[in-house]
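Structure first, then comments.
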2 protein chains.
Amino acid sequence: MRRQVVEHFAPLWELNSLWATLTEAERLEVGNVVETISYSKNEIIHFEGDESRWMWMVLRGKVRIYKEGIGLRQQIIRLLKPYDIFGYRACIADEAYNSNASAFEDCVVYRIPRAEFIRLVKANGAFCYEVMQIMAKDLAISEIQTVNLTQKHIRGRLAESLLALVKNYGFEKDEQTLAMVLPREDLANMSNMTTSNAIRTLSQFAQEGLVSLDGKHIRILDEKELAKISRLG
Amino acid sequence: MRRQVVEHFAPLWELNSLWATLTEAERLEVGNVVETISYSKNEIIHFEGDESRWMWMVLRGKVRIYKEGIGLRQQIIRLLKPYDIFGYRACIADEAYNSNASAFEDCVVYRIPRAEFIRLVKANGAFCYEVMQIMAKDLAISEIQTVNLTQKHIRGRLAESLLALVKNYGFEKDEQTLAMVLPREDLANMSNMTTSNAIRTLSQFAQEGLVSLDGKHIRILDEKELAKISRLG
DNA sequence: GAAAAAATATGTTAAAAAACATTTTTTATT
DNA sequence: AATAAAAAATGTTTTTTAACATATTTTTTC
């Protein structure tokens with residue numbers, strides 16, 4: 001269940017370069033209106049179509065941003081980690097959220113009312129520029145993703161997703177095991193394929209010695225070859 | 001061939017709400033560094049991977065923004081019309097352009113050096129906010145596009161593209177003929193399908209009375225049914 | 001205006017991936 | 001620990017769409 005959290009977290013401005021741009025006065029203001037909320041695994045944080053009343057930041061855990069298309073088939077747009085922001089696009093465009101956000105695992109988030117976020121964007125040029133740069137990166141990722149998902153074949157798309165997970169979450173201490181444990185269904189929803197095909201193709205990769213599988217734990221054995229498969233489609 | 005244009009165009013700040021935010025001093029500055037360039041049909045304006053030295057605005061004609069994926073297959077990201085801006089994302093992210101821009105037809109564009117554009121963004125909050133809103137809209141379009149192109153079948157994708165063209169360019173005086181004349185190949189590159197399939201599916205639509213075809217001119221006869229085909233995938 | 005080139009049209013075949021079906025394994029619940 | 005539920009694995013069939021082939025029409029070039 002969603003609930004207010006009493007546990008203490010570091011204030012926003014100590015967490016990343018975005019919030020570090022705030023002035024003393026702004027920090028006070030934001031401190032007064034920020035809420036800390038925890039969600040349990042798979043709980044929905046916001047729905048596509050909901051009025052964008054807040055912009056959000058992940059504090060702990062991972063958040064899944066996804067759209068539902070034809071026949072409730074899900075497309076994961078982004079997987080977030082601590083200190084990533086979300087919901088900011090809808091706030092800026094003054095539109096409803098255009099995707100769903102759900103707790104990938106138990107997690108804690110900060111949320112700031114839209115009005116306060118927009119006030120900061122308009123009042124503080126450095127803050128605004130930071131948000132812009134984040135959005136510019138997200139836009140590039142989205143455009144690249146469109147081409148990857150439409151033009152590459154299943155193997156290429158799956159390899160692409162595995163490499164994206166490596167880039168985003170890195171490895172465990174062994175420098176091989178993906179530091180992100182996810183069900184095959186999510187891997188499928190990232191890669192625009194059915195769960196069956198994600199499972200099948202992943203076992204093929206294992207048979208070819210590109211990865212090794214231990215339940216949900218994936219070890220990346222041949223990153224170079226995966227990159228090649230991804231590149232060639 | 002690309003060439004400097006001597007013909008007179010209205011100054012930027014009279015053209016749309018973005019440039020209207022500039023102060024007198026900024027207008028002078030920009031006026032000194034803006035260049036007017038004309039491109040002939042299908043000429044490349046910038047390549048993916050080129051250093052983002054300018055942000056651009058269409059003055060006359062249409063511009064095609066596209067990416068090349070596997071095997072040089074093209075995906076059209078956006079089709080622009082006068083007063084639309086492009087190349088701004090790469091300038092803000094301080095990255096190379098992530099797509100190609102080419103003249104869809106003979107056209108004239110303004111271009112502003114990246115440094116000047118960034119200076120404006122940082123100095124003028126209203127200008128910055130306008131750019132942000134444009135980017136927020138483009139990001140939403142890109143995310144929707146990803147799901148459309150990956151989940152819908154050929155008929156749904158083609159219907160979607162036709163409706164997008166209607167929305168973007170409108171109709172001729174007859175209120176039926178699409179005010180945008182484009183080869184089937186571009187329609188295919190918008191819709192993630194082969195040219196053959198765009199041609200075939202378009203003739204099917206014609207046979208079903210949804211559109212009528214007169215060479216490259218497309219009359220939309222049953223927008224409601226096209227919307228239904230698009231919606232159901 | 002004739003020839004060449006490009007675009008459109010349409011039929012056929014092959015490849016890719018979804019859909020469906022069933023079994024096995026893992027995880028959660030009592 | 002036993003049972004139920006969920007996830008993973010894997011084989012088969014069907015659908016979708018690309019690839020290929022070829023003819024026709026339209027546009028461009030000389």
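Residues in the structure tokens are named by chain (A, B, ... in the order shown) and by number from 1 within that chain; ligands are numbered from 1 in the order shown.
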Show which residues sit within 12 Å of Ser99 of chain B, as a short mmCIF file (atom, residue, chain, number, x, y, z; two decimals) with N, CA and C atoms, in the first residue's frame. Count only C-alpha atoms (C1' of nucleotides), and ignore same-chain residues fewer than 6 positions away.
data_model
loop_
_atom_site.label_atom_id
_atom_site.label_comp_id
_atom_site.auth_asym_id
_atom_site.auth_seq_id
_atom_site.Cartn_x
_atom_site.Cartn_y
_atom_site.Cartn_z
N LEU A 139 14.58 12.38 -25.02
CA LEU A 139 14.04 12.45 -26.38
C LEU A 139 14.91 11.65 -27.35
N ALA A 140 16.23 11.79 -27.19
CA ALA A 140 17.14 11.03 -28.05
C ALA A 140 16.93 9.54 -27.83
N GLU A 143 13.78 8.33 -29.57
CA GLU A 143 13.87 8.25 -31.03
C GLU A 143 14.72 7.08 -31.47
N ILE A 144 15.80 6.83 -30.75
CA ILE A 144 16.64 5.67 -31.06
C ILE A 144 15.85 4.39 -30.83
N VAL A 147 13.47 3.32 -33.66
CA VAL A 147 14.13 2.64 -34.78
C VAL A 147 14.59 1.24 -34.38
N ILE B 44 20.36 17.33 -48.53
CA ILE B 44 20.54 17.08 -47.09
C ILE B 44 20.89 18.39 -46.38
N ILE B 45 20.21 18.68 -45.30
CA ILE B 45 20.48 19.89 -44.50
C ILE B 45 21.49 19.58 -43.42
N HIS B 46 21.28 18.49 -42.70
CA HIS B 46 22.36 17.99 -41.83
C HIS B 46 22.25 16.48 -41.71
N PHE B 47 23.38 15.86 -41.42
CA PHE B 47 23.44 14.40 -41.28
C PHE B 47 23.41 14.03 -39.80
N GLU B 48 22.88 12.85 -39.53
CA GLU B 48 23.04 12.23 -38.23
C GLU B 48 24.53 12.08 -37.97
N GLY B 49 24.95 12.50 -36.79
CA GLY B 49 26.37 12.39 -36.46
C GLY B 49 27.13 13.70 -36.67
N ASP B 50 26.57 14.62 -37.45
CA ASP B 50 27.20 15.93 -37.62
C ASP B 50 27.19 16.69 -36.29
N GLU B 51 28.26 17.41 -36.04
CA GLU B 51 28.31 18.28 -34.86
C GLU B 51 27.15 19.29 -34.92
N SER B 52 26.47 19.49 -33.80
CA SER B 52 25.28 20.36 -33.80
C SER B 52 25.70 21.82 -33.69
N ARG B 64 12.16 17.08 -43.87
CA ARG B 64 12.00 15.69 -43.45
C ARG B 64 13.09 15.37 -42.43
N ILE B 65 12.67 14.93 -41.22
CA ILE B 65 13.64 14.49 -40.21
C ILE B 65 13.56 12.98 -40.14
N TYR B 66 14.67 12.30 -40.35
CA TYR B 66 14.62 10.84 -40.41
C TYR B 66 15.91 10.21 -39.91
N LYS B 67 15.77 8.97 -39.48
CA LYS B 67 16.93 8.19 -39.06
C LYS B 67 17.12 7.02 -40.01
N GLU B 68 18.38 6.61 -40.17
CA GLU B 68 18.64 5.42 -40.96
C GLU B 68 19.01 4.29 -40.03
N GLY B 69 18.28 3.18 -40.17
CA GLY B 69 18.50 2.05 -39.27
C GLY B 69 19.23 0.93 -39.99
N GLN B 74 14.96 3.71 -43.87
CA GLN B 74 14.71 5.01 -43.25
C GLN B 74 13.45 5.01 -42.40
N GLN B 75 13.55 5.68 -41.26
CA GLN B 75 12.36 5.94 -40.45
C GLN B 75 12.18 7.45 -40.35
N ILE B 76 11.08 7.95 -40.89
CA ILE B 76 10.80 9.37 -40.76
C ILE B 76 10.32 9.65 -39.33
N ILE B 77 11.02 10.54 -38.66
CA ILE B 77 10.70 10.88 -37.26
C ILE B 77 9.62 11.96 -37.25
N ARG B 78 9.82 12.99 -38.08
CA ARG B 78 8.87 14.10 -38.15
C ARG B 78 8.92 14.70 -39.54
N PHE B 86 14.03 22.72 -35.68
CA PHE B 86 14.67 21.39 -35.59
C PHE B 86 16.15 21.57 -35.27
N GLY B 87 16.76 20.48 -34.83
CA GLY B 87 18.18 20.53 -34.45
C GLY B 87 18.40 21.11 -33.07
N TYR B 88 17.32 21.55 -32.44
CA TYR B 88 17.47 22.19 -31.13
C TYR B 88 17.83 21.18 -30.04
N ARG B 89 17.33 19.94 -30.20
CA ARG B 89 17.59 18.91 -29.18
C ARG B 89 19.08 18.63 -29.03
N ALA B 90 19.74 18.45 -30.16
CA ALA B 90 21.17 18.15 -30.15
C ALA B 90 21.95 19.33 -29.54
#
For this session: For chain B, work out the contacting residues on chain D at 9 Å, counting only C-alpha atoms (C1' of nucleotides), and write them as a PyMOL selection string.
Result: chain D and resi 16-18+26
Exercise. What residues in chain B lie within 9 Å of chain A, counting only C-alpha atoms, written as a ChimeraX atom specification?
Worked result: /B:67-71,73-75,77,88-90,92-94,98-99,121-126,128-129,131-140,142-152,192,231-233
Please produce chain B as an mmCIF file with C-alpha atoms, in the first residue's frame once it has been superposed on chain A, the fit using all Cα atoms paired in sequence order.
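Saved to part26.cif:
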data_model
loop_
_atom_site.group_PDB
_atom_site.id
_atom_site.type_symbol
_atom_site.label_atom_id
_atom_site.label_comp_id
_atom_site.auth_asym_id
_atom_site.auth_seq_id
_atom_site.Cartn_x
_atom_site.Cartn_y
_atom_site.Cartn_z
ATOM 1 C CA MET B 1 -0.072 0.013 -0.029
ATOM 2 C CA ARG B 2 0.992 3.572 -0.678
ATOM 3 C CA ARG B 3 1.892 5.388 2.504
ATOM 4 C CA GLN B 4 3.700 8.430 3.791
ATOM 5 C CA VAL B 5 7.158 7.502 4.986
ATOM 6 C CA VAL B 6 8.576 8.617 8.302
ATOM 7 C CA GLU B 7 12.091 7.341 7.631
ATOM 8 C CA HIS B 8 14.587 10.116 6.938
ATOM 9 C CA PHE B 9 16.111 10.658 3.517
ATOM 10 C CA ALA B 10 18.720 13.191 2.488
ATOM 11 C CA PRO B 11 17.191 16.436 1.235
ATOM 12 C CA LEU B 12 16.770 16.720 -2.512
ATOM 13 C CA TRP B 13 19.578 19.179 -3.080
ATOM 14 C CA GLU B 14 22.152 16.759 -1.778
ATOM 15 C CA LEU B 15 21.098 14.042 -4.178
ATOM 16 C CA ASN B 16 21.997 15.248 -7.647
ATOM 17 C CA SER B 17 23.038 18.159 -9.827
ATOM 18 C CA LEU B 18 19.455 19.014 -10.732
ATOM 19 C CA TRP B 19 18.367 19.942 -7.215
ATOM 20 C CA ALA B 20 21.758 21.400 -6.347
ATOM 21 C CA THR B 21 20.862 24.363 -8.554
ATOM 22 C CA LEU B 22 18.205 25.546 -6.105
ATOM 23 C CA THR B 23 18.782 28.710 -4.078
ATOM 24 C CA GLU B 24 18.457 28.715 -0.288
ATOM 25 C CA ALA B 25 14.978 30.201 -0.492
ATOM 26 C CA GLU B 26 13.893 27.652 -3.079
ATOM 27 C CA ARG B 27 15.230 24.814 -0.963
ATOM 28 C CA LEU B 28 13.057 25.964 1.911
ATOM 29 C CA GLU B 29 10.019 26.240 -0.342
ATOM 30 C CA VAL B 30 10.532 22.815 -1.862
ATOM 31 C CA GLY B 31 11.281 21.274 1.510
ATOM 32 C CA ASN B 32 7.844 22.411 2.650
ATOM 33 C CA VAL B 33 5.906 20.812 -0.186
ATOM 34 C CA VAL B 34 7.862 17.685 -1.080
ATOM 35 C CA GLU B 35 6.232 14.417 -0.049
ATOM 36 C CA THR B 36 7.930 11.079 0.536
ATOM 37 C CA ILE B 37 5.822 8.101 -0.456
ATOM 38 C CA SER B 38 6.520 4.403 -0.527
ATOM 39 C CA TYR B 39 4.988 1.940 -2.946
ATOM 40 C CA SER B 40 5.038 -1.806 -2.775
ATOM 41 C CA LYS B 41 6.117 -3.967 -5.683
ATOM 42 C CA ASN B 42 3.941 -3.591 -8.811
ATOM 43 C CA GLU B 43 1.789 -0.886 -7.254
ATOM 44 C CA ILE B 44 0.749 1.801 -9.747
ATOM 45 C CA ILE B 45 2.213 5.254 -9.032
ATOM 46 C CA HIS B 46 0.310 7.059 -11.754
ATOM 47 C CA PHE B 47 -1.796 6.046 -14.734
ATOM 48 C CA GLU B 48 -1.617 7.235 -18.302
ATOM 49 C CA GLY B 49 -4.328 9.852 -18.605
ATOM 50 C CA ASP B 50 -4.108 10.994 -14.975
ATOM 51 C CA GLU B 51 -3.855 14.751 -14.509
ATOM 52 C CA SER B 52 -0.165 15.616 -14.013
ATOM 53 C CA ARG B 53 -0.394 16.999 -10.479
ATOM 54 C CA TRP B 54 3.170 16.066 -9.492
ATOM 55 C CA MET B 55 6.657 15.572 -10.806
ATOM 56 C CA TRP B 56 8.448 12.654 -9.223
ATOM 57 C CA MET B 57 11.885 11.413 -8.266
ATOM 58 C CA VAL B 58 12.914 7.891 -7.332
ATOM 59 C CA LEU B 59 14.610 7.724 -3.939
ATOM 60 C CA ARG B 60 14.932 4.000 -3.468
ATOM 61 C CA GLY B 61 14.087 1.033 -5.649
ATOM 62 C CA LYS B 62 13.249 0.976 -9.342
ATOM 63 C CA VAL B 63 10.299 2.383 -11.228
ATOM 64 C CA ARG B 64 8.829 1.116 -14.488
ATOM 65 C CA ILE B 65 7.484 3.645 -17.024
ATOM 66 C CA TYR B 66 5.312 1.973 -19.638
ATOM 67 C CA LYS B 67 2.526 2.483 -22.120
ATOM 68 C CA GLU B 68 -0.330 0.150 -22.910
ATOM 69 C CA GLY B 69 -1.037 -0.258 -26.596
ATOM 70 C CA ILE B 70 -3.182 -2.627 -28.596
ATOM 71 C CA GLY B 71 -4.843 -5.330 -26.506
ATOM 72 C CA LEU B 72 -3.210 -4.154 -23.254
ATOM 73 C CA ARG B 73 0.207 -5.133 -24.630
ATOM 74 C CA GLN B 74 2.759 -3.195 -22.608
ATOM 75 C CA GLN B 75 5.747 -1.295 -23.911
ATOM 76 C CA ILE B 76 8.291 -0.337 -21.283
ATOM 77 C CA ILE B 77 9.512 3.173 -22.125
ATOM 78 C CA ARG B 78 12.124 3.477 -19.381
ATOM 79 C CA LEU B 79 13.268 1.679 -16.247
ATOM 80 C CA LEU B 80 14.349 4.126 -13.554
ATOM 81 C CA LYS B 81 16.774 3.970 -10.678
ATOM 82 C CA PRO B 82 17.282 6.181 -7.640
ATOM 83 C CA TYR B 83 17.523 9.913 -8.380
ATOM 84 C CA ASP B 84 15.920 9.591 -11.806
ATOM 85 C CA ILE B 85 12.958 11.922 -12.286
ATOM 86 C CA PHE B 86 9.676 11.143 -14.035
ATOM 87 C CA GLY B 87 6.340 12.794 -14.757
ATOM 88 C CA TYR B 88 8.154 16.036 -15.494
ATOM 89 C CA ARG B 89 7.283 15.969 -19.206
ATOM 90 C CA ALA B 90 3.539 16.024 -18.613
ATOM 91 C CA CYS B 91 3.957 18.856 -16.070
ATOM 92 C CA ILE B 92 5.852 20.967 -18.586
ATOM 93 C CA ALA B 93 3.551 20.255 -21.515
ATOM 94 C CA ASP B 94 0.597 20.836 -19.172
ATOM 95 C CA GLU B 95 -0.895 17.561 -20.283
ATOM 96 C CA ALA B 96 -2.023 14.371 -18.578
ATOM 97 C CA TYR B 97 0.679 11.761 -17.992
ATOM 98 C CA ASN B 98 1.214 9.913 -21.273
ATOM 99 C CA SER B 99 2.420 6.727 -19.631
ATOM 100 C CA ASN B 100 1.936 4.574 -16.565
ATOM 101 C CA ALA B 101 4.428 4.433 -13.725
ATOM 102 C CA SER B 102 4.569 1.432 -11.424
ATOM 103 C CA ALA B 103 6.868 0.214 -8.674
ATOM 104 C CA PHE B 104 9.160 -2.370 -10.232
ATOM 105 C CA GLU B 105 10.077 -3.390 -6.697
ATOM 106 C CA ASP B 106 9.274 -1.915 -3.286
ATOM 107 C CA CYS B 107 10.330 1.683 -3.589
ATOM 108 C CA VAL B 108 10.295 5.158 -2.135
ATOM 109 C CA VAL B 109 9.760 8.318 -4.162
ATOM 110 C CA TYR B 110 9.677 12.070 -3.619
ATOM 111 C CA ARG B 111 6.922 14.020 -5.298
ATOM 112 C CA ILE B 112 6.611 17.774 -5.819
ATOM 113 C CA PRO B 113 3.390 19.532 -6.815
ATOM 114 C CA ARG B 114 3.303 20.528 -10.445
ATOM 115 C CA ALA B 115 2.768 24.223 -9.634
ATOM 116 C CA GLU B 116 5.888 24.300 -7.474
ATOM 117 C CA PHE B 117 7.951 22.497 -10.120
ATOM 118 C CA ILE B 118 6.817 24.913 -12.839
ATOM 119 C CA ARG B 119 7.539 27.863 -10.552
ATOM 120 C CA LEU B 120 11.114 26.608 -10.126
ATOM 121 C CA VAL B 121 11.531 26.045 -13.858
ATOM 122 C CA LYS B 122 10.388 29.570 -14.586
ATOM 123 C CA ALA B 123 12.293 31.260 -11.765
ATOM 124 C CA ASN B 124 15.607 29.441 -11.820
ATOM 125 C CA GLY B 125 17.477 29.363 -15.122
ATOM 126 C CA ALA B 126 20.044 26.807 -13.991
ATOM 127 C CA PHE B 127 17.322 24.445 -12.750
ATOM 128 C CA CYS B 128 15.412 24.916 -15.992
ATOM 129 C CA TYR B 129 18.493 24.152 -18.059
ATOM 130 C CA GLU B 130 19.153 20.953 -16.097
ATOM 131 C CA VAL B 131 15.594 19.781 -16.714
ATOM 132 C CA MET B 132 15.988 20.639 -20.387
ATOM 133 C CA GLN B 133 19.118 18.560 -20.664
ATOM 134 C CA ILE B 134 17.439 15.583 -19.038
ATOM 135 C CA MET B 135 14.527 15.934 -21.440
ATOM 136 C CA ALA B 136 16.865 16.265 -24.436
ATOM 137 C CA LYS B 137 18.533 12.980 -23.429
ATOM 138 C CA ASP B 138 15.176 11.252 -22.939
ATOM 139 C CA LEU B 139 14.049 12.451 -26.363
ATOM 140 C CA ALA B 140 17.148 11.039 -28.038
ATOM 141 C CA ILE B 141 16.650 7.714 -26.247
ATOM 142 C CA SER B 142 13.036 7.580 -27.362
ATOM 143 C CA GLU B 143 13.878 8.271 -31.014
ATOM 144 C CA ILE B 144 16.648 5.679 -31.046
ATOM 145 C CA GLN B 145 14.299 3.225 -29.372
ATOM 146 C CA THR B 146 11.679 3.704 -32.070
ATOM 147 C CA VAL B 147 14.143 2.662 -34.768
ATOM 148 C CA ASN B 148 15.576 -0.205 -32.709
ATOM 149 C CA LEU B 149 12.196 -1.694 -31.944
ATOM 150 C CA THR B 150 10.796 -1.305 -35.442
ATOM 151 C CA GLN B 151 13.771 -2.357 -37.539
ATOM 152 C CA LYS B 152 15.693 -4.963 -35.579
ATOM 153 C CA HIS B 153 14.750 -8.619 -35.441
ATOM 154 C CA ILE B 154 14.037 -10.430 -32.209
ATOM 155 C CA ARG B 155 17.651 -11.357 -31.452
ATOM 156 C CA GLY B 156 18.819 -7.803 -32.115
ATOM 157 C CA ARG B 157 16.115 -6.317 -29.940
ATOM 158 C CA LEU B 158 16.819 -8.664 -27.050
ATOM 159 C CA ALA B 159 20.581 -8.076 -27.259
ATOM 160 C CA GLU B 160 19.880 -4.334 -27.313
ATOM 161 C CA SER B 161 17.747 -4.575 -24.163
ATOM 162 C CA LEU B 162 20.355 -6.615 -22.315
ATOM 163 C CA LEU B 163 23.038 -4.050 -23.175
ATOM 164 C CA ALA B 164 20.742 -1.208 -22.118
ATOM 165 C CA LEU B 165 20.259 -2.932 -18.753
ATOM 166 C CA VAL B 166 24.016 -3.292 -18.386
ATOM 167 C CA LYS B 167 24.475 0.385 -19.159
ATOM 168 C CA ASN B 168 21.740 1.470 -16.765
ATOM 169 C CA TYR B 169 22.330 -0.855 -13.826
ATOM 170 C CA GLY B 170 25.812 -2.291 -14.285
ATOM 171 C CA PHE B 171 27.104 -5.587 -12.905
ATOM 172 C CA GLU B 172 27.358 -7.300 -9.540
ATOM 173 C CA LYS B 173 30.787 -7.624 -7.957
ATOM 174 C CA ASP B 174 31.680 -10.492 -10.283
ATOM 175 C CA GLU B 175 31.589 -7.987 -13.185
ATOM 176 C CA GLN B 176 29.360 -10.336 -15.160
ATOM 177 C CA THR B 177 26.022 -10.753 -13.413
ATOM 178 C CA LEU B 178 23.528 -8.068 -14.398
ATOM 179 C CA ALA B 179 22.761 -5.941 -11.319
ATOM 180 C CA MET B 180 19.110 -6.012 -12.239
ATOM 181 C CA VAL B 181 16.880 -8.979 -11.660
ATOM 182 C CA LEU B 182 13.808 -8.914 -13.840
ATOM 183 C CA PRO B 183 11.176 -11.369 -15.003
ATOM 184 C CA ARG B 184 11.211 -12.463 -18.638
ATOM 185 C CA GLU B 185 7.909 -10.689 -19.108
ATOM 186 C CA ASP B 186 9.539 -7.297 -18.445
ATOM 187 C CA LEU B 187 12.403 -8.153 -20.753
ATOM 188 C CA ALA B 188 9.780 -8.940 -23.405
ATOM 189 C CA ASN B 189 7.929 -5.685 -22.742
ATOM 190 C CA MET B 190 11.152 -3.732 -23.146
ATOM 191 C CA SER B 191 11.992 -5.526 -26.371
ATOM 192 C CA ASN B 192 8.660 -5.538 -28.171
ATOM 193 C CA MET B 193 8.161 -9.278 -28.247
ATOM 194 C CA THR B 194 6.012 -11.914 -26.572
ATOM 195 C CA THR B 195 7.161 -13.384 -23.274
ATOM 196 C CA SER B 196 7.567 -16.767 -24.969
ATOM 197 C CA ASN B 197 9.934 -15.310 -27.504
ATOM 198 C CA ALA B 198 11.965 -13.498 -24.847
ATOM 199 C CA ILE B 199 12.340 -16.805 -22.976
ATOM 200 C CA ARG B 200 13.165 -18.761 -26.098
ATOM 201 C CA THR B 201 15.659 -16.247 -27.447
ATOM 202 C CA LEU B 202 17.334 -15.855 -24.079
ATOM 203 C CA SER B 203 17.856 -19.619 -23.851
ATOM 204 C CA GLN B 204 19.281 -19.559 -27.380
ATOM 205 C CA PHE B 205 21.728 -16.895 -26.224
ATOM 206 C CA ALA B 206 22.589 -19.175 -23.291
ATOM 207 C CA GLN B 207 23.110 -22.151 -25.608
ATOM 208 C CA GLU B 208 25.420 -20.014 -27.733
ATOM 209 C CA GLY B 209 27.421 -19.043 -24.667
ATOM 210 C CA LEU B 210 26.539 -15.353 -24.867
ATOM 211 C CA VAL B 211 24.862 -15.353 -21.460
ATOM 212 C CA SER B 212 24.314 -17.823 -18.664
ATOM 213 C CA LEU B 213 21.071 -18.098 -16.756
ATOM 214 C CA ASP B 214 20.472 -18.822 -13.098
ATOM 215 C CA GLY B 215 16.773 -18.245 -12.571
ATOM 216 C CA LYS B 216 16.211 -14.538 -12.977
ATOM 217 C CA HIS B 217 19.936 -13.796 -12.679
ATOM 218 C CA ILE B 218 21.567 -13.175 -16.034
ATOM 219 C CA ARG B 219 25.330 -13.305 -16.505
ATOM 220 C CA ILE B 220 26.629 -11.507 -19.569
ATOM 221 C CA LEU B 221 29.424 -13.685 -20.941
ATOM 222 C CA ASP B 222 30.090 -12.128 -24.364
ATOM 223 C CA GLU B 223 29.164 -8.467 -24.414
ATOM 224 C CA LYS B 224 31.037 -7.902 -27.672
ATOM 225 C CA GLU B 225 29.032 -10.521 -29.548
ATOM 226 C CA LEU B 226 25.782 -9.195 -28.070
ATOM 227 C CA ALA B 227 26.738 -5.737 -29.303
ATOM 228 C CA LYS B 228 27.337 -7.197 -32.746
ATOM 229 C CA ILE B 229 23.942 -8.937 -32.764
ATOM 230 C CA SER B 230 22.323 -5.705 -31.650
ATOM 231 C CA ARG B 231 24.140 -3.661 -34.280
ATOM 232 C CA LEU B 232 23.330 -5.937 -37.193
ATOM 233 C CA GLY B 233 19.654 -6.151 -36.187
#
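Using only C-alpha atoms (C1' of nucleotides), the chain C residues found within 10 Å of chain B amount to DA7, DT8, DA9 and DT10 of chain C.
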